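Take a look at the structure set out below.
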Amino acid sequence: MTTVFDSVVLGRNTLPNRLVMAPMTRSRAQQDGTPGDLAATYYAQRAGVGLIVSEGTQPSDNGQGYINTPGIYTDAHVTGWKRVTDAVHAKGGHIFIQLMHAGRMSHPDNTPHHRPGVAPSAIAPGTGMFTAQGMKDIPVPQALSLEAIEQTVKDFAFAARRAIEAGADGVEIHGANAYLIQQFFAPSANTRTDAYGGSIENRTRFALEVAKAIAEEIGADRTAIRLSPGTTMWGIDEGPEGPDLYRHLVKELDKLNLAYVHVMHQGNEPLLADIRKLWSGKLILNRPGRPRDQIGADVASGLADLEAYGVMVLANPDFVQRLETHAPMNEPHREGFFGGTDKFYTDYPTLPETQGA
């Protein structure tokens, strides 16, 4: 029986175990999008997992949504991320940088150019966004023209190249959680009547173009994508065709031989089983809120090749060691999830520090 402690080949990398640090926004980058001074420490502390997937990282000015999130498209960004990847690799770890275009989930106060977000259609998500001045309503986004869609695909490919220059082992495309790529999937956010709207084939076109462009730029074996079928947050409604959209999407993605597909599971077990059948490559599965006693069950059953965990890794830099030794876990402090200093970021104790206290 395969366990999460067994090694696995993922793209160009042989990972020491099948545990993944899920991508988590921490909002501690510098104002220009360069990773903060403590980012290298934070990620290196958690290099014991088989794979780290970084926090969402914008591929362009248009891609930023939240305050103090990192980018990967300027020389300063590359220099900052190089410190992170070097620190992770020095600890024997592996890291994919997640490319996240927020689309309409943005506010002008948070972006370098201070413009509203862009999206498939000019439909606001109907929610607020935290800014330096507090919570503000997200304005109606600008609908992307065909030329702007083409440029956005190029922005993703350019950012992927920059991520590799920064020493990343690969990139994960953020196609989940109500951000730009998933906005194209959802009729509630995409009312286009051109080649990017309407049919399942059209609504998945942008995601596939991004995946193909990145695979051509840096290699399919360094390219991955994250999906969250059935997500309903922030005005996203994929409609009755949603499950079939993902079946079509995964079938087309399978032709690209990407490093992996990463699914944030929302509870549709038949769809998850179909994705497992349709996807011949490595599958990472993330079940938010999964209890500790269920860790490893999906790998053991063969449903997933790797399992991703978020807040447990956030709060436990030695997550793998604690699992192996059945040691207690630190409790996460939600008040330190977004923004701040080293508190509840790099100061979570390791097991020896806890035992010595």
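Residues in the structure tokens are numbered from 1 in each chain, the chains being A, B, ... in the order shown, and ligands are numbered from 1 in the order shown.
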
Checklist line | region 137-313 of chain A: residues DSSP assigns to alpha helix (DSSP H), reported as an MDAnalysis selection string | finding: chainID A and resid 146:165 180:185 200:203 205:218 242:254 269:278 297:301 311:313

Please report, as CSV, each residue of region 206-264 of chain A lying at most 10 Å from region 123-136 of chain A, together with the nearest pair of atoms and the separation in Å rounded to one decimal; use only C-alpha atoms, and order rows by chain and ascending residue number.
residue,atom,partner,partner_atom,distance
A:Met233,CA,A:Pro125,CA,9.2
A:Trp234,CA,A:Pro125,CA,5.5
A:Gly235,CA,A:Pro125,CA,5.2
A:Ile236,CA,A:Pro125,CA,7.8

Selection file, N, CA and C atoms, as a short mmCIF file (atom, residue, chain, number, x, y, z; two decimals), in the first residue's frame:
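Result written to selection_15.cif:
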data_model
loop_
_atom_site.label_atom_id
_atom_site.label_comp_id
_atom_site.auth_asym_id
_atom_site.auth_seq_id
_atom_site.Cartn_x
_atom_site.Cartn_y
_atom_site.Cartn_z
N MET A 233 -18.11 30.59 -4.15
CA MET A 233 -17.76 31.83 -3.45
C MET A 233 -17.77 33.02 -4.40
N TRP A 234 -18.06 34.20 -3.84
CA TRP A 234 -17.92 35.48 -4.52
C TRP A 234 -18.64 35.54 -5.86
N GLY A 235 -19.88 35.06 -5.86
CA GLY A 235 -20.71 35.20 -7.04
C GLY A 235 -20.45 34.20 -8.14
N ILE A 236 -19.66 33.18 -7.88
CA ILE A 236 -19.37 32.17 -8.90
C ILE A 236 -20.45 31.09 -8.88
#

Checklist line | Residue set, region 97-242 of chain A restricted to strand (DSSP E), as a list of chain:residue names | finding: A:Ile97, A:Gln98, A:Leu99, A:Val118, A:Ala119, A:Gly128, A:Met129, A:Phe130, A:Thr131, A:Gly134, A:Met135, A:Lys136, A:Asp137, A:Gln142, A:Ala143, A:Gly170, A:Val171, A:Glu172, A:Ile173, A:His174, A:Gly175, A:Thr223, A:Ala224, A:Ile225, A:Arg226, A:Leu227

Margin query: With only C-alpha atoms as the counted atoms, please give the residues lying no more than 8 Å from His94 (chain A), apart from itself and same-chain residues fewer than 3 positions off, as a list in words.
Written below: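 Counting only the stated atoms, we get Asn13, Leu15, Ala47, Gly50, Leu51, Ile52, Val88, His89, Ala168 and Asp169 of chain A.
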
Notebook entry, point to check: Suppose you want the space between CA of Ala22 (chain A) and CA of Tyr260 (chain A); what is it in Å?
Noted result: 13.6 Å

Need the shell around Tyr246 (chain A): protein/DNA/RNA residues with any atom at most 10 Å away, counting only C-alpha atoms. Skip same-chain ones fewer than 4 positions apart. Format as a JSON list (two decimals) with N, CA, C and O atoms, in the first residue's frame?
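Here's the written file out02.json:
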[["chain", "number", "residue", "atom", "x", "y", "z"],
["A", 185, "PHE", "N", -15.14, 30.10, -16.49],
["A", 185, "PHE", "CA", -15.95, 28.88, -16.44],
["A", 185, "PHE", "C", -17.41, 29.17, -16.11],
["A", 185, "PHE", "O", -18.30, 28.42, -16.53],
["A", 200, "ILE", "N", -19.39, 24.95, -23.27],
["A", 200, "ILE", "CA", -18.33, 24.43, -22.41],
["A", 200, "ILE", "C", -16.97, 24.61, -23.07],
["A", 200, "ILE", "O", -15.99, 25.02, -22.44],
["A", 204, "THR", "N", -13.90, 27.03, -21.46],
["A", 204, "THR", "CA", -12.62, 26.44, -21.02],
["A", 204, "THR", "C", -11.45, 26.87, -21.91],
["A", 204, "THR", "O", -10.30, 26.54, -21.61],
["A", 227, "LEU", "N", -7.60, 23.40, -9.66],
["A", 227, "LEU", "CA", -9.02, 23.55, -9.97],
["A", 227, "LEU", "C", -9.83, 23.37, -8.69],
["A", 227, "LEU", "O", -9.42, 22.64, -7.79],
["A", 228, "SER", "N", -11.02, 24.00, -8.65],
["A", 228, "SER", "CA", -11.92, 23.82, -7.51],
["A", 228, "SER", "C", -13.35, 23.66, -8.03],
["A", 228, "SER", "O", -14.17, 24.57, -7.90],
["A", 229, "PRO", "N", -13.65, 22.52, -8.63],
["A", 229, "PRO", "CA", -14.98, 22.32, -9.22],
["A", 229, "PRO", "C", -16.10, 22.53, -8.21],
["A", 229, "PRO", "O", -16.07, 22.00, -7.11],
["A", 230, "GLY", "N", -17.07, 23.34, -8.60],
["A", 230, "GLY", "CA", -18.22, 23.55, -7.73],
["A", 230, "GLY", "C", -18.09, 24.69, -6.75],
["A", 230, "GLY", "O", -19.02, 24.95, -5.99],
["A", 241, "GLU", "N", -24.15, 22.73, -15.95],
["A", 241, "GLU", "CA", -23.11, 22.14, -16.81],
["A", 241, "GLU", "C", -21.74, 22.07, -16.13],
["A", 241, "GLU", "O", -20.80, 21.56, -16.73],
["A", 242, "GLY", "N", -21.65, 22.57, -14.91],
["A", 242, "GLY", "CA", -20.36, 22.65, -14.24],
["A", 242, "GLY", "C", -19.58, 21.34, -14.23],
["A", 242, "GLY", "O", -18.41, 21.30, -14.66],
["A", 250, "VAL", "N", -10.55, 18.56, -18.05],
["A", 250, "VAL", "CA", -9.52, 17.62, -17.62],
["A", 250, "VAL", "C", -9.11, 16.70, -18.78],
["A", 250, "VAL", "O", -7.93, 16.38, -18.95],
["A", 251, "LYS", "N", -10.09, 16.32, -19.58],
["A", 251, "LYS", "CA", -9.78, 15.48, -20.75],
["A", 251, "LYS", "C", -8.83, 16.21, -21.69],
["A", 251, "LYS", "O", -7.88, 15.61, -22.23],
["A", 252, "GLU", "N", -9.05, 17.52, -21.89],
["A", 252, "GLU", "CA", -8.17, 18.31, -22.76],
["A", 252, "GLU", "C", -6.82, 18.57, -22.10],
["A", 252, "GLU", "O", -5.78, 18.53, -22.75],
["A", 271, "LEU", "N", -17.81, 13.28, -9.51],
["A", 271, "LEU", "CA", -16.96, 14.08, -10.39],
["A", 271, "LEU", "C", -15.49, 13.85, -10.09],
["A", 271, "LEU", "O", -14.67, 13.72, -11.00],
["A", 272, "LEU", "N", -15.15, 13.79, -8.81],
["A", 272, "LEU", "CA", -13.76, 13.54, -8.44],
["A", 272, "LEU", "C", -13.29, 12.19, -8.99],
["A", 272, "LEU", "O", -12.17, 12.08, -9.50],
["A", 274, "ASP", "N", -14.40, 10.72, -11.63],
["A", 274, "ASP", "CA", -14.25, 10.88, -13.07],
["A", 274, "ASP", "C", -12.96, 11.61, -13.42],
["A", 274, "ASP", "O", -12.28, 11.26, -14.39],
["A", 275, "ILE", "N", -12.63, 12.63, -12.64],
["A", 275, "ILE", "CA", -11.37, 13.35, -12.88],
["A", 275, "ILE", "C", -10.19, 12.40, -12.73],
["A", 275, "ILE", "O", -9.26, 12.41, -13.54]]

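With distances restricted to only C-alpha atoms, A:Val4 is the closest residue to Arg18 (chain A) from A:Ala102, A:Ala39, A:Val4, A:Ile72.
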
Note to self: Using only C-alpha atoms for the distances, tell me which of A:Pro349, A:Lys277, A:Leu314, A:Thr193 is nearest to His333 (chain A).
What the structure shows: A:Leu314
